[in-house]
$ cat structure13.cif   # mmCIF, C-alpha atoms and all ligand atoms
data_query
#
loop_
_atom_site.group_PDB
_atom_site.id
_atom_site.type_symbol
_atom_site.label_atom_id
_atom_site.label_comp_id
_atom_site.auth_asym_id
_atom_site.auth_seq_id
_atom_site.Cartn_x
_atom_site.Cartn_y
_atom_site.Cartn_z
ATOM 1 C CA MET A 1 28.104 84.339 132.019
ATOM 2 C CA ASP A 2 25.513 85.443 134.600
ATOM 3 C CA GLU A 3 27.014 85.560 138.140
ATOM 4 C CA LYS A 4 23.865 84.233 139.873
ATOM 5 C CA PHE A 5 23.752 81.252 137.485
ATOM 6 C CA MET A 6 27.444 80.465 138.086
ATOM 7 C CA LEU A 7 27.052 80.706 141.875
ATOM 8 C CA GLU A 8 24.123 78.252 141.808
ATOM 9 C CA GLU A 9 25.871 75.848 139.446
ATOM 10 C CA ILE A 10 29.112 75.864 141.460
ATOM 11 C CA SER A 11 27.150 75.129 144.612
ATOM 12 C CA LYS A 12 25.341 72.199 142.866
ATOM 13 C CA LEU A 13 28.569 70.816 141.373
ATOM 14 C CA LYS A 14 30.329 70.935 144.742
ATOM 15 C CA LYS A 15 27.746 68.514 146.136
ATOM 16 C CA GLU A 16 27.418 66.300 143.038
ATOM 17 C CA LYS A 17 31.167 65.878 142.499
ATOM 18 C CA ASN A 18 32.316 66.106 146.127
ATOM 19 C CA ILE A 19 34.428 69.207 145.398
ATOM 20 C CA LYS A 20 35.880 71.546 147.998
ATOM 21 C CA ILE A 21 37.077 75.003 147.032
ATOM 22 C CA PHE A 22 40.149 76.418 148.767
ATOM 23 C CA ALA A 23 40.923 80.113 148.372
ATOM 24 C CA HIS A 24 43.977 81.980 149.541
ATOM 25 C CA ASN A 25 43.337 85.199 151.490
ATOM 26 C CA TYR A 26 44.681 87.179 148.531
ATOM 27 C CA GLN A 27 41.960 85.985 146.110
ATOM 28 C CA ASN A 28 39.299 88.314 144.696
ATOM 29 C CA HIS A 29 36.066 88.692 146.650
ATOM 30 C CA GLU A 30 34.047 86.953 143.883
ATOM 31 C CA VAL A 31 36.229 83.859 144.354
ATOM 32 C CA GLN A 32 36.312 84.006 148.160
ATOM 33 C CA GLN A 33 32.487 83.961 148.227
ATOM 34 C CA VAL A 34 32.335 80.426 146.736
ATOM 35 C CA ALA A 35 35.203 79.041 148.827
ATOM 36 C CA ASP A 36 34.662 76.386 151.476
ATOM 37 C CA TYR A 37 37.939 77.347 153.142
ATOM 38 C CA ILE A 38 39.856 80.632 153.062
ATOM 39 C CA GLY A 39 43.270 81.066 154.638
ATOM 40 C CA ASP A 40 47.019 81.372 154.270
ATOM 41 C CA SER A 41 49.337 78.758 152.766
ATOM 42 C CA PHE A 42 50.029 76.934 156.026
ATOM 43 C CA TYR A 43 46.367 76.625 157.007
ATOM 44 C CA LEU A 44 45.363 75.430 153.545
ATOM 45 C CA SER A 45 48.301 72.988 153.272
ATOM 46 C CA LYS A 46 47.443 71.314 156.556
ATOM 47 C CA LEU A 47 43.775 71.282 155.685
ATOM 48 C CA SER A 48 44.303 69.528 152.371
ATOM 49 C CA LYS A 49 45.325 66.389 154.284
ATOM 50 C CA GLU A 50 42.424 66.523 156.705
ATOM 51 C CA ILE A 51 39.512 67.255 154.360
ATOM 52 C CA ASP A 52 37.605 64.348 152.900
ATOM 53 C CA CYS A 53 36.683 65.138 149.270
ATOM 54 C CA GLU A 54 37.384 63.881 145.761
ATOM 55 C CA THR A 55 38.481 67.155 144.203
ATOM 56 C CA VAL A 56 40.081 70.337 145.468
ATOM 57 C CA ILE A 57 39.800 73.450 143.326
ATOM 58 C CA PHE A 58 42.688 75.530 144.612
ATOM 59 C CA CYS A 59 42.237 79.252 143.975
ATOM 60 C CA GLY A 60 45.690 80.666 144.497
ATOM 61 C CA VAL A 61 49.001 80.303 142.664
ATOM 62 C CA LYS A 62 50.532 77.119 141.292
ATOM 63 C CA PHE A 63 52.918 76.235 144.128
ATOM 64 C CA MET A 64 49.947 76.192 146.520
ATOM 65 C CA ALA A 65 47.945 73.766 144.384
ATOM 66 C CA GLU A 66 51.091 71.636 144.037
ATOM 67 C CA THR A 67 51.562 71.566 147.816
ATOM 68 C CA THR A 68 48.011 70.259 148.146
ATOM 69 C CA LYS A 69 48.701 67.561 145.559
ATOM 70 C CA ILE A 70 51.967 66.574 147.283
ATOM 71 C CA LEU A 71 50.105 66.080 150.549
ATOM 72 C CA SER A 72 46.988 64.495 149.051
ATOM 73 C CA PRO A 73 47.968 62.583 145.909
ATOM 74 C CA GLN A 74 44.714 60.594 145.880
ATOM 75 C CA LYS A 75 42.700 63.794 145.354
ATOM 76 C CA LYS A 76 42.212 65.544 142.044
ATOM 77 C CA VAL A 77 43.660 69.042 142.498
ATOM 78 C CA ILE A 78 42.740 71.711 139.976
ATOM 79 C CA LEU A 79 44.344 75.130 139.628
ATOM 80 C CA PRO A 80 41.665 77.182 137.803
ATOM 81 C CA VAL A 81 44.186 79.365 135.918
ATOM 82 C CA GLU A 82 47.359 77.683 134.689
ATOM 83 C CA GLU A 83 49.180 81.024 134.380
ATOM 84 C CA ALA A 84 48.660 81.954 138.053
ATOM 85 C CA LEU A 85 52.317 81.672 139.085
ATOM 86 C CA CYS A 86 54.262 83.213 141.960
ATOM 87 C CA PRO A 87 57.321 84.950 140.428
ATOM 88 C CA MET A 88 59.267 84.580 143.692
ATOM 89 C CA ALA A 89 58.907 80.787 143.557
ATOM 90 C CA HIS A 90 60.903 80.835 140.316
ATOM 91 C CA MET A 91 63.796 82.902 141.673
ATOM 92 C CA ILE A 92 65.620 79.739 142.763
ATOM 93 C CA THR A 93 65.979 76.304 141.165
ATOM 94 C CA SER A 94 66.764 72.865 142.543
ATOM 95 C CA GLN A 95 70.139 73.096 140.746
ATOM 96 C CA ASP A 96 70.983 76.206 142.811
ATOM 97 C CA ILE A 97 70.380 74.197 145.997
ATOM 98 C CA ILE A 98 72.397 71.221 144.769
ATOM 99 C CA GLU A 99 75.328 73.541 143.978
ATOM 100 C CA PHE A 100 75.079 75.332 147.325
ATOM 101 C CA LYS A 101 74.989 72.055 149.280
ATOM 102 C CA LYS A 102 78.036 70.787 147.388
ATOM 103 C CA HIS A 103 80.077 73.729 148.688
ATOM 104 C CA HIS A 104 78.372 74.076 152.110
ATOM 105 C CA PRO A 105 77.598 70.580 153.398
ATOM 106 C CA ASP A 106 77.158 71.862 156.962
ATOM 107 C CA PHE A 107 74.170 74.068 156.035
ATOM 108 C CA LYS A 108 70.534 73.124 156.478
ATOM 109 C CA VAL A 109 68.369 74.370 153.600
ATOM 110 C CA VAL A 110 65.108 75.928 154.755
ATOM 111 C CA ALA A 111 62.652 76.704 151.960
ATOM 112 C CA TYR A 112 59.774 79.110 152.194
ATOM 113 C CA VAL A 113 56.687 77.239 151.017
ATOM 114 C CA ASN A 114 56.554 79.739 148.118
ATOM 115 C CA THR A 115 58.860 77.514 146.055
ATOM 116 C CA THR A 116 58.434 75.011 143.234
ATOM 117 C CA THR A 117 58.037 71.296 143.923
ATOM 118 C CA ASP A 118 61.548 70.772 142.526
ATOM 119 C CA VAL A 119 63.060 73.104 145.121
ATOM 120 C CA LYS A 120 61.026 71.551 147.951
ATOM 121 C CA ALA A 121 62.419 68.170 146.906
ATOM 122 C CA TYR A 122 65.978 69.348 147.636
ATOM 123 C CA ALA A 123 65.266 71.442 150.729
ATOM 124 C CA ASP A 124 65.583 69.959 154.219
ATOM 125 C CA VAL A 125 62.463 71.587 155.578
ATOM 126 C CA CYS A 126 59.774 74.000 154.397
ATOM 127 C CA VAL A 127 58.373 76.906 156.399
ATOM 128 C CA THR A 128 55.637 79.479 156.021
ATOM 129 C CA SER A 129 55.853 83.051 157.268
ATOM 130 C CA SER A 130 53.838 82.065 160.344
ATOM 131 C CA THR A 131 56.006 79.051 161.223
ATOM 132 C CA ALA A 132 59.524 80.068 160.086
ATOM 133 C CA ILE A 133 60.873 81.359 163.416
ATOM 134 C CA LYS A 134 59.558 78.430 165.437
ATOM 135 C CA ILE A 135 60.849 75.850 162.951
ATOM 136 C CA ILE A 136 64.316 77.363 162.459
ATOM 137 C CA ASN A 137 64.698 77.744 166.228
ATOM 138 C CA SER A 138 63.978 74.054 166.649
ATOM 139 C CA LEU A 139 66.719 72.951 164.228
ATOM 140 C CA GLU A 140 69.977 71.652 165.703
ATOM 141 C CA GLU A 141 72.100 73.081 162.904
ATOM 142 C CA LYS A 142 73.570 76.541 163.345
ATOM 143 C CA ASN A 143 74.137 77.248 159.649
ATOM 144 C CA ILE A 144 70.989 77.897 157.641
ATOM 145 C CA LEU A 145 70.387 78.774 154.014
ATOM 146 C CA PHE A 146 66.967 80.397 153.772
ATOM 147 C CA VAL A 147 65.392 80.445 150.278
ATOM 148 C CA PRO A 148 64.138 82.303 148.296
ATOM 149 C CA ASP A 149 62.866 85.466 150.063
ATOM 150 C CA MET A 150 65.644 87.790 151.242
ATOM 151 C CA ASN A 151 63.208 90.097 153.060
ATOM 152 C CA LEU A 152 61.641 87.316 155.114
ATOM 153 C CA GLY A 153 65.140 85.869 155.593
ATOM 154 C CA SER A 154 66.421 89.181 156.950
ATOM 155 C CA TYR A 155 63.432 89.469 159.315
ATOM 156 C CA ILE A 156 63.994 85.930 160.621
ATOM 157 C CA SER A 157 67.736 86.407 161.108
ATOM 158 C CA LYS A 158 67.046 89.432 163.339
ATOM 159 C CA LYS A 159 64.688 87.358 165.480
ATOM 160 C CA ILE A 160 67.077 84.381 165.754
ATOM 161 C CA LYS A 161 70.413 85.681 166.951
ATOM 162 C CA ASP A 162 72.214 82.409 167.669
ATOM 163 C CA LYS A 163 72.158 81.067 164.106
ATOM 164 C CA ASN A 164 74.096 81.909 161.001
ATOM 165 C CA ILE A 165 71.298 82.545 158.482
ATOM 166 C CA ILE A 166 72.188 83.285 154.878
ATOM 167 C CA SER A 167 69.321 84.383 152.634
ATOM 168 C CA TRP A 168 68.852 83.787 148.910
ATOM 169 C CA ASN A 169 68.283 86.976 146.919
ATOM 170 C CA GLY A 170 64.679 86.380 145.835
ATOM 171 C CA TYR A 171 61.783 88.647 146.763
ATOM 172 C CA CYS A 172 58.039 89.052 146.389
ATOM 173 C CA ASN A 173 57.578 91.664 143.705
ATOM 174 C CA VAL A 174 54.408 92.879 145.431
ATOM 175 C CA HIS A 175 55.555 93.394 149.041
ATOM 176 C CA ASP A 176 59.049 94.472 147.979
ATOM 177 C CA LYS A 177 57.550 97.453 146.109
ATOM 178 C CA VAL A 178 56.355 99.159 149.301
ATOM 179 C CA LYS A 179 58.627 102.130 149.929
ATOM 180 C CA LYS A 180 59.962 103.466 153.208
ATOM 181 C CA GLU A 181 58.596 106.925 152.253
ATOM 182 C CA GLU A 182 55.058 105.502 152.037
ATOM 183 C CA ILE A 183 55.092 104.231 155.617
ATOM 184 C CA ILE A 184 56.742 107.464 156.863
ATOM 185 C CA ASN A 185 54.068 109.579 155.126
ATOM 186 C CA ILE A 186 51.229 107.557 156.649
ATOM 187 C CA LYS A 187 52.816 107.662 160.100
ATOM 188 C CA ASN A 188 53.133 111.447 159.874
ATOM 189 C CA LYS A 189 49.550 111.830 158.660
ATOM 190 C CA TYR A 190 47.926 109.357 161.104
ATOM 191 C CA PRO A 191 50.292 108.961 164.082
ATOM 192 C CA GLU A 192 47.605 107.151 166.116
ATOM 193 C CA VAL A 193 46.801 104.545 163.465
ATOM 194 C CA PRO A 194 48.627 101.205 163.804
ATOM 195 C CA ILE A 195 50.399 99.819 160.741
ATOM 196 C CA LEU A 196 50.534 96.018 160.368
ATOM 197 C CA VAL A 197 52.903 94.614 157.733
ATOM 198 C CA HIS A 198 53.958 91.285 156.258
ATOM 199 C CA PRO A 199 57.648 90.275 156.655
ATOM 200 C CA GLU A 200 57.946 89.964 152.861
ATOM 201 C CA CYS A 201 58.207 93.776 152.904
ATOM 202 C CA ARG A 202 61.661 95.361 152.893
ATOM 203 C CA GLU A 203 63.577 95.631 156.156
ATOM 204 C CA GLU A 204 63.319 99.454 156.116
ATOM 205 C CA VAL A 205 59.501 99.143 155.991
ATOM 206 C CA VAL A 206 59.290 96.332 158.557
ATOM 207 C CA ASN A 207 61.413 98.377 160.989
ATOM 208 C CA LEU A 208 58.847 101.184 160.977
ATOM 209 C CA ALA A 209 55.741 99.014 161.384
ATOM 210 C CA ASP A 210 53.787 98.589 164.627
ATOM 211 C CA PHE A 211 53.281 94.872 164.038
ATOM 212 C CA VAL A 212 54.912 92.337 161.701
ATOM 213 C CA GLY A 213 53.271 89.007 160.940
ATOM 214 C CA SER A 214 51.998 86.514 158.390
ATOM 215 C CA THR A 215 48.595 87.067 156.806
ATOM 216 C CA SER A 216 46.845 84.966 159.449
ATOM 217 C CA GLU A 217 48.769 86.694 162.257
ATOM 218 C CA ILE A 218 47.774 90.102 160.849
ATOM 219 C CA ILE A 219 44.109 89.012 160.726
ATOM 220 C CA GLU A 220 44.252 87.754 164.313
ATOM 221 C CA TYR A 221 46.104 90.800 165.651
ATOM 222 C CA ALA A 222 43.841 93.290 163.857
ATOM 223 C CA GLY A 223 40.781 91.574 165.328
ATOM 224 C CA LYS A 224 42.114 92.009 168.866
ATOM 225 C CA LEU A 225 43.316 95.618 168.450
ATOM 226 C CA ASP A 226 41.172 98.184 170.173
ATOM 227 C CA LYS A 227 41.405 100.654 167.276
ATOM 228 C CA LYS A 228 38.782 101.888 164.815
ATOM 229 C CA LYS A 229 41.240 102.417 161.943
ATOM 230 C CA ILE A 230 44.122 100.130 160.959
ATOM 231 C CA ILE A 231 46.570 100.279 158.032
ATOM 232 C CA ILE A 232 47.456 96.962 156.392
ATOM 233 C CA GLY A 233 50.775 96.269 154.682
ATOM 234 C CA THR A 234 50.068 93.079 152.803
ATOM 235 C CA GLU A 235 48.222 92.036 149.648
ATOM 236 C CA THR A 236 44.892 93.826 149.193
ATOM 237 C CA GLY A 237 42.790 90.612 149.136
ATOM 238 C CA VAL A 238 43.183 90.301 152.893
ATOM 239 C CA LEU A 239 41.006 93.402 153.296
ATOM 240 C CA HIS A 240 37.918 91.329 152.303
ATOM 241 C CA VAL A 241 38.536 88.968 155.196
ATOM 242 C CA LEU A 242 39.345 91.761 157.662
ATOM 243 C CA ARG A 243 36.231 93.798 156.779
ATOM 244 C CA LYS A 244 33.999 90.735 156.991
ATOM 245 C CA LEU A 245 35.360 89.769 160.417
ATOM 246 C CA ASN A 246 35.478 93.336 161.793
ATOM 247 C CA PRO A 247 32.563 95.351 160.350
ATOM 248 C CA ASP A 248 33.052 98.059 163.007
ATOM 249 C CA LYS A 249 36.667 98.794 161.996
ATOM 250 C CA LYS A 250 38.098 100.661 159.013
ATOM 251 C CA PHE A 251 40.990 99.087 157.106
ATOM 252 C CA ASP A 252 43.162 100.854 154.544
ATOM 253 C CA LEU A 253 46.064 99.650 152.448
ATOM 254 C CA LEU A 254 49.592 100.878 153.185
ATOM 255 C CA SER A 255 50.470 101.174 149.484
ATOM 256 C CA PRO A 256 48.583 100.968 146.166
ATOM 257 C CA SER A 257 51.315 98.605 144.933
ATOM 258 C CA LEU A 258 50.053 95.807 147.221
ATOM 259 C CA ILE A 259 48.172 93.948 144.476
ATOM 260 C CA CYS A 260 49.392 90.564 143.277
ATOM 261 C CA ILE A 261 48.315 90.244 139.655
ATOM 262 C CA ASN A 262 48.840 86.480 139.769
ATOM 263 C CA MET A 263 46.467 86.091 142.700
ATOM 264 C CA LYS A 264 43.923 88.206 140.816
ATOM 265 C CA LYS A 265 44.001 86.099 137.640
ATOM 266 C CA THR A 266 41.324 83.707 138.933
ATOM 267 C CA THR A 267 37.739 84.784 138.297
ATOM 268 C CA LEU A 268 34.387 83.243 139.188
ATOM 269 C CA GLN A 269 34.148 82.085 135.566
ATOM 270 C CA ASP A 270 37.447 80.198 135.968
ATOM 271 C CA VAL A 271 36.176 78.487 139.122
ATOM 272 C CA TYR A 272 32.964 77.576 137.289
ATOM 273 C CA ASN A 273 34.980 76.177 134.346
ATOM 274 C CA ALA A 274 37.139 74.128 136.738
ATOM 275 C CA ALA A 275 34.059 72.766 138.533
ATOM 276 C CA THR A 276 32.387 71.746 135.253
ATOM 277 C CA GLY A 277 35.621 70.058 134.107
ATOM 278 C CA LYS A 278 36.022 72.437 131.150
ATOM 279 C CA GLY A 279 38.987 74.413 132.432
ATOM 280 C CA GLY A 280 41.928 74.675 134.761
ATOM 281 C CA LEU A 281 45.104 72.696 135.222
ATOM 282 C CA ASP A 282 44.837 69.205 136.693
ATOM 283 C CA ILE A 283 48.000 69.125 138.871
ATOM 284 C CA GLU A 284 50.195 66.097 138.277
ATOM 285 C CA ILE A 285 53.538 65.412 139.966
ATOM 286 C CA GLU A 286 55.868 62.542 139.182
ATOM 287 C CA GLU A 287 55.782 60.132 142.174
ATOM 288 C CA ASN A 288 59.514 60.134 143.091
ATOM 289 C CA LEU A 289 59.613 63.914 143.016
ATOM 290 C CA ARG A 290 56.419 64.112 145.064
ATOM 291 C CA LEU A 291 57.838 61.827 147.741
ATOM 292 C CA LYS A 292 61.034 63.885 147.986
ATOM 293 C CA ALA A 293 59.081 67.134 148.284
ATOM 294 C CA LEU A 294 56.719 65.518 150.782
ATOM 295 C CA ASN A 295 59.602 65.035 153.251
ATOM 296 C CA SER A 296 60.271 68.766 153.595
ATOM 297 C CA ILE A 297 56.564 69.613 153.885
ATOM 298 C CA GLU A 298 55.873 66.893 156.459
ATOM 299 C CA GLU A 299 58.901 68.066 158.416
ATOM 300 C CA MET A 300 57.374 71.558 158.431
ATOM 301 C CA ILE A 301 54.047 70.262 159.746
ATOM 302 C CA ARG A 302 55.809 68.159 162.412
ATOM 303 C CA LEU A 303 58.101 70.963 163.641
ATOM 304 C CA ALA A 304 55.335 73.590 163.604
ATOM 305 C CA ARG A 305 53.242 71.595 166.109
HETATM 306 S S1 LIG B 1 51.951 88.080 146.824
HETATM 307 FE FE1 LIG B 1 54.104 87.800 146.326
HETATM 308 S S2 LIG B 1 54.697 85.843 147.246
HETATM 309 FE FE2 LIG B 1 52.436 85.928 147.185
HETATM 310 S S3 LIG B 1 51.916 84.921 145.235
HETATM 311 FE FE3 LIG B 1 52.021 87.124 144.802
HETATM 312 S S4 LIG B 1 54.154 87.405 144.092
HETATM 313 FE FE4 LIG B 1 54.088 85.413 145.138
#
$ encode --input "structure13.cif" --output "structure tokens" --more "lines below"
Ligand code: SF4
Amino acid sequence: MDEKFMLEEISKLKKEKNIKIFAHNYQNHEVQQVADYIGDSFYLSKLSKEIDCETVIFCGVKFMAETTKILSPQKKVILPVEEALCPMAHMITSQDIIEFKKHHPDFKVVAYVNTTTDVKAYADVCVTSSTAIKIINSLEEKNILFVPDMNLGSYISKKIKDKNIISWNGYCNVHDKVKKEEIINIKNKYPEVPILVHPECREEVVNLADFVGSTSEIIEYAGKLDKKKIIIGTETGVLHVLRKLNPDKKFDLLSPSLICINMKKTTLQDVYNAATGKGGLDIEIEENLRLKALNSIEEMIRLAR
């Protein structure tokens, strides 16, 4: 279908049906251009409660659309592509947490927001990469099980020395692919160029970076840096945002493997189909499960303040 026609129709439908479009930073440019709000998971989660609209079209992966529905059950939440799933979110199940708690009753379970609703329902608190350190620091308990990302868990445990943090063995199959040799090669080639990476990268990569932070922290830090060229070690979609905000700077990707195929599944056509009501997954969550998962998300929002 013609792009100009779809752009005009989406804009009309947004007004007629009181729709807001949320897009994660990792979405394709064609999707980001129709979004009302672009950001990371924490920003978009908080926003979903504050925005007054009837429908949210969430361009991201399923757990993100589910988080929006958990927080705003009265809104219709549509994920444009049903198959847009985060593989890491499925590396742990609620049964795994139940079993762990049975044997370790003195542990607090902290779940990265990149988890299924089922897992959130059994976790004590959720965190995002930008809030994890602050939230875990504020917990009274010394023993923490962090799920599911072992790389983020390892990064956090180095920053919080006075807690016993055990990490689950999940990982993001995009960030985890970045190799130590890639960062060494770039450092040797461009010793003056700062390298900013996401803590979902492996410890050996994180240790060599000039800055480590969540997507929003990378965007903020890159904007303030007095450098003309910056290397980015997170999903390629963030380059659209960085280039738009900093037209005078040059941004390159640390590794060609930093492409999340799930984040790239959503096209403008899918957003158009969702807006017309002819496509996408209408997110539904059983009420008892939603309320259980809501506790850990609300705890995250409260402790991140
Ligand atoms: S980038 Fe990694 S954590 Fe994010 S959605 Fe893709 S697979 Fe999941």
$ residues_near_ligand --input "structure13.cif" --ligand "ligand LIG 1 (chain B)" --cutoff "9 Å" --atoms "only C-alpha atoms and all ligand atoms" --output "PyMOL selection string"
chain A and resi 26+60-63+84-89+114+149+171-176+200+234-235+258-263
$ resolve_selection --input "structure13.cif" --expression "the PyMOL selection byres (((chain A and resi 115) around 8) and not hetatm)" --output "short mmCIF file (atom, residue, chain, number, x, y, z; two decimals) with C-alpha atoms, keeping the file's coordinate frame"
data_model
loop_
_atom_site.label_atom_id
_atom_site.label_comp_id
_atom_site.auth_asym_id
_atom_site.auth_seq_id
_atom_site.Cartn_x
_atom_site.Cartn_y
_atom_site.Cartn_z
CA PHE A 63 52.92 76.24 144.13
CA MET A 88 59.27 84.58 143.69
CA ALA A 89 58.91 80.79 143.56
CA HIS A 90 60.90 80.83 140.32
CA ILE A 92 65.62 79.74 142.76
CA ALA A 111 62.65 76.70 151.96
CA TYR A 112 59.77 79.11 152.19
CA VAL A 113 56.69 77.24 151.02
CA ASN A 114 56.55 79.74 148.12
CA THR A 116 58.43 75.01 143.23
CA THR A 117 58.04 71.30 143.92
CA VAL A 119 63.06 73.10 145.12
CA LYS A 120 61.03 71.55 147.95
CA PRO A 148 64.14 82.30 148.30
#
$ atom_distance --input "structure13.cif" --atom1 "atom CA of Ile301 of chain A" --atom2 "atom CA of Glu140 of chain A"
17.1 Å
$ closest_residue --input "structure13.cif" --among "A:Gly223, A:Pro80, A:Gly277, A:Gly213" --to "Lys265 of chain A" --atoms "only C-alpha atoms"
A:Pro80
$ resolve_selection --input "structure13.cif" --expression "the PyMOL selection byres (((chain A and resi 179-196) around 10) and not hetatm)" --output "PyMOL selection string"
chain A and resi 175-178+197-199+201-215+217-219+221-222+225+227-234+252-257
$ axis_aligned_box --input "structure13.cif" --around "segment 232-238 of chain A" --padding-each-side "3 Å" --output "lines of an AutoDock Vina configuration file"
center_x = 46.8
center_y = 93.6
center_z = 152.8
size_x = 14.0
size_y = 12.7
size_z = 13.3
$ residues_around --input "structure13.cif" --residues "segment 162-167 of chain A" --least-positions-apart "5" --cutoff "10 Å" --atoms "all atoms listed in the file" --output "JSON, numbers by chain"
{"A": [107, 108, 109, 110, 136, 137, 139, 140, 141, 142, 143, 144, 145, 146, 147, 148, 149, 150, 151, 152, 153, 154, 156, 157]}
$ resolve_selection --input "structure13.cif" --expression "the PyMOL selection byres (((chain A and resi 39) around 9) and not hetatm)" --output "JSON, numbers by chain"
{"A": [22, 23, 24, 25, 26, 37, 38, 40, 41, 42, 43, 44, 215, 216]}
$ closest_residue --input "structure13.cif" --among "A:Ile78, A:Ile21, A:Cys53, A:Lys14" --to "Lys278 of chain A" --atoms "all atoms listed in the file"
A:Ile78
$ atom_distance --input "structure13.cif" --atom1 "atom CA of Gly237 of chain A" --atom2 "atom CA of Thr266 of chain A"
12.4 Å
$ closest_residue --input "structure13.cif" --among "A:Ser45, A:Thr276, A:Thr55, A:Gln32" --to "Thr67 of chain A" --atoms "only C-alpha atoms"
A:Ser45
$ residues_around --input "structure13.cif" --residues "Lys15 of chain A" --least-positions-apart "5" --cutoff "12 Å" --atoms "all atoms listed in the file" --output "JSON list (two decimals) with C-alpha atoms, in the frame of the given file"
[["chain", "number", "residue", "atom", "x", "y", "z"],
["A", 8, "GLU", "CA", 24.12, 78.25, 141.81],
["A", 9, "GLU", "CA", 25.87, 75.85, 139.45],
["A", 10, "ILE", "CA", 29.11, 75.86, 141.46],
["A", 20, "LYS", "CA", 35.88, 71.55, 148.00],
["A", 21, "ILE", "CA", 37.08, 75.00, 147.03],
["A", 36, "ASP", "CA", 34.66, 76.39, 151.48],
["A", 53, "CYS", "CA", 36.68, 65.14, 149.27],
["A", 54, "GLU", "CA", 37.38, 63.88, 145.76],
["A", 55, "THR", "CA", 38.48, 67.16, 144.20],
["A", 275, "ALA", "CA", 34.06, 72.77, 138.53]]
$ closest_residue --input "structure13.cif" --among "A:Gln269, A:Asp248, A:Asp118, A:Cys126" --to "Asn288 of chain A" --atoms "only C-alpha atoms"
A:Asp118
$ closest_residue --input "structure13.cif" --among "A:Ile98, A:Val127, A:Ile160, A:Leu71" --to "Ala293 of chain A" --atoms "only C-alpha atoms"
A:Leu71
$ atom_distance --input "structure13.cif" --atom1 "atom CA of Asp226 of chain A" --atom2 "atom CA of Val241 of chain A"
17.8 Å
$ closest_residue --input "structure13.cif" --among "A:Lys161, A:Arg243, A:His29, A:Lys17" --to "Leu268 of chain A" --atoms "all atoms listed in the file"
A:His29
$ decode --input "structure13.cif" --residues "segment 13-17 of chain A" --atoms "all heavy atoms" --output "PDB file, in the first residue's frame"
ATOM      1  N   LEU A  13      -7.151   8.376  11.579  1.00  0.00           N
ATOM      2  CA  LEU A  13      -7.713   7.383  12.512  1.00  0.00           C
ATOM      3  C   LEU A  13      -7.324   7.673  13.957  1.00  0.00           C
ATOM      4  O   LEU A  13      -8.095   7.405  14.886  1.00  0.00           O
ATOM      5  CB  LEU A  13      -7.243   5.973  12.116  1.00  0.00           C
ATOM      6  CG  LEU A  13      -7.880   5.428  10.838  1.00  0.00           C
ATOM      7  CD1 LEU A  13      -7.084   4.262  10.285  1.00  0.00           C
ATOM      8  CD2 LEU A  13      -9.326   5.003  11.118  1.00  0.00           C
ATOM      9  N   LYS A  14      -6.138   8.219  14.152  1.00  0.00           N
ATOM     10  CA  LYS A  14      -5.702   8.544  15.523  1.00  0.00           C
ATOM     11  C   LYS A  14      -6.682   9.535  16.149  1.00  0.00           C
ATOM     12  O   LYS A  14      -7.055   9.406  17.304  1.00  0.00           O
ATOM     13  CB  LYS A  14      -4.275   9.137  15.501  1.00  0.00           C
ATOM     14  CG  LYS A  14      -3.200   8.084  15.286  1.00  0.00           C
ATOM     15  CD  LYS A  14      -1.856   8.486  15.883  1.00  0.00           C
ATOM     16  CE  LYS A  14      -1.088   9.430  15.015  1.00  0.00           C
ATOM     17  NZ  LYS A  14       0.303   9.616  15.482  1.00  0.00           N
ATOM     18  N   LYS A  15      -7.090  10.517  15.357  1.00  0.00           N
ATOM     19  CA  LYS A  15      -8.035  11.527  15.887  1.00  0.00           C
ATOM     20  C   LYS A  15      -9.436  10.936  16.041  1.00  0.00           C
ATOM     21  O   LYS A  15     -10.059  11.064  17.088  1.00  0.00           O
ATOM     22  CB  LYS A  15      -8.090  12.734  14.946  1.00  0.00           C
ATOM     23  CG  LYS A  15      -6.838  13.590  15.060  1.00  0.00           C
ATOM     24  CD  LYS A  15      -6.955  14.870  14.239  1.00  0.00           C
ATOM     25  CE  LYS A  15      -5.557  15.406  13.971  1.00  0.00           C
ATOM     26  NZ  LYS A  15      -5.167  15.387  12.572  1.00  0.00           N
ATOM     27  N   GLU A  16      -9.917  10.272  14.995  1.00  0.00           N
ATOM     28  CA  GLU A  16     -11.288   9.722  15.012  1.00  0.00           C
ATOM     29  C   GLU A  16     -11.505   8.720  16.139  1.00  0.00           C
ATOM     30  O   GLU A  16     -12.525   8.708  16.806  1.00  0.00           O
ATOM     31  CB  GLU A  16     -11.563   8.984  13.695  1.00  0.00           C
ATOM     32  CG  GLU A  16     -11.963   9.896  12.562  1.00  0.00           C
ATOM     33  CD  GLU A  16     -11.976   9.145  11.226  1.00  0.00           C
ATOM     34  OE1 GLU A  16     -12.154   7.890  11.217  1.00  0.00           O
ATOM     35  OE2 GLU A  16     -11.758   9.822  10.221  1.00  0.00           O
ATOM     36  N   LYS A  17     -10.512   7.843  16.342  1.00  0.00           N
ATOM     37  CA  LYS A  17     -10.687   6.754  17.326  1.00  0.00           C
ATOM     38  C   LYS A  17      -9.962   7.003  18.644  1.00  0.00           C
ATOM     39  O   LYS A  17      -9.902   6.102  19.478  1.00  0.00           O
ATOM     40  CB  LYS A  17     -10.174   5.439  16.728  1.00  0.00           C
ATOM     41  CG  LYS A  17     -10.921   4.962  15.497  1.00  0.00           C
ATOM     42  CD  LYS A  17     -10.361   3.596  15.145  1.00  0.00           C
ATOM     43  CE  LYS A  17     -11.128   2.904  14.069  1.00  0.00           C
ATOM     44  NZ  LYS A  17     -10.598   1.560  13.793  1.00  0.00           N
TER      45      LYS A  17
END
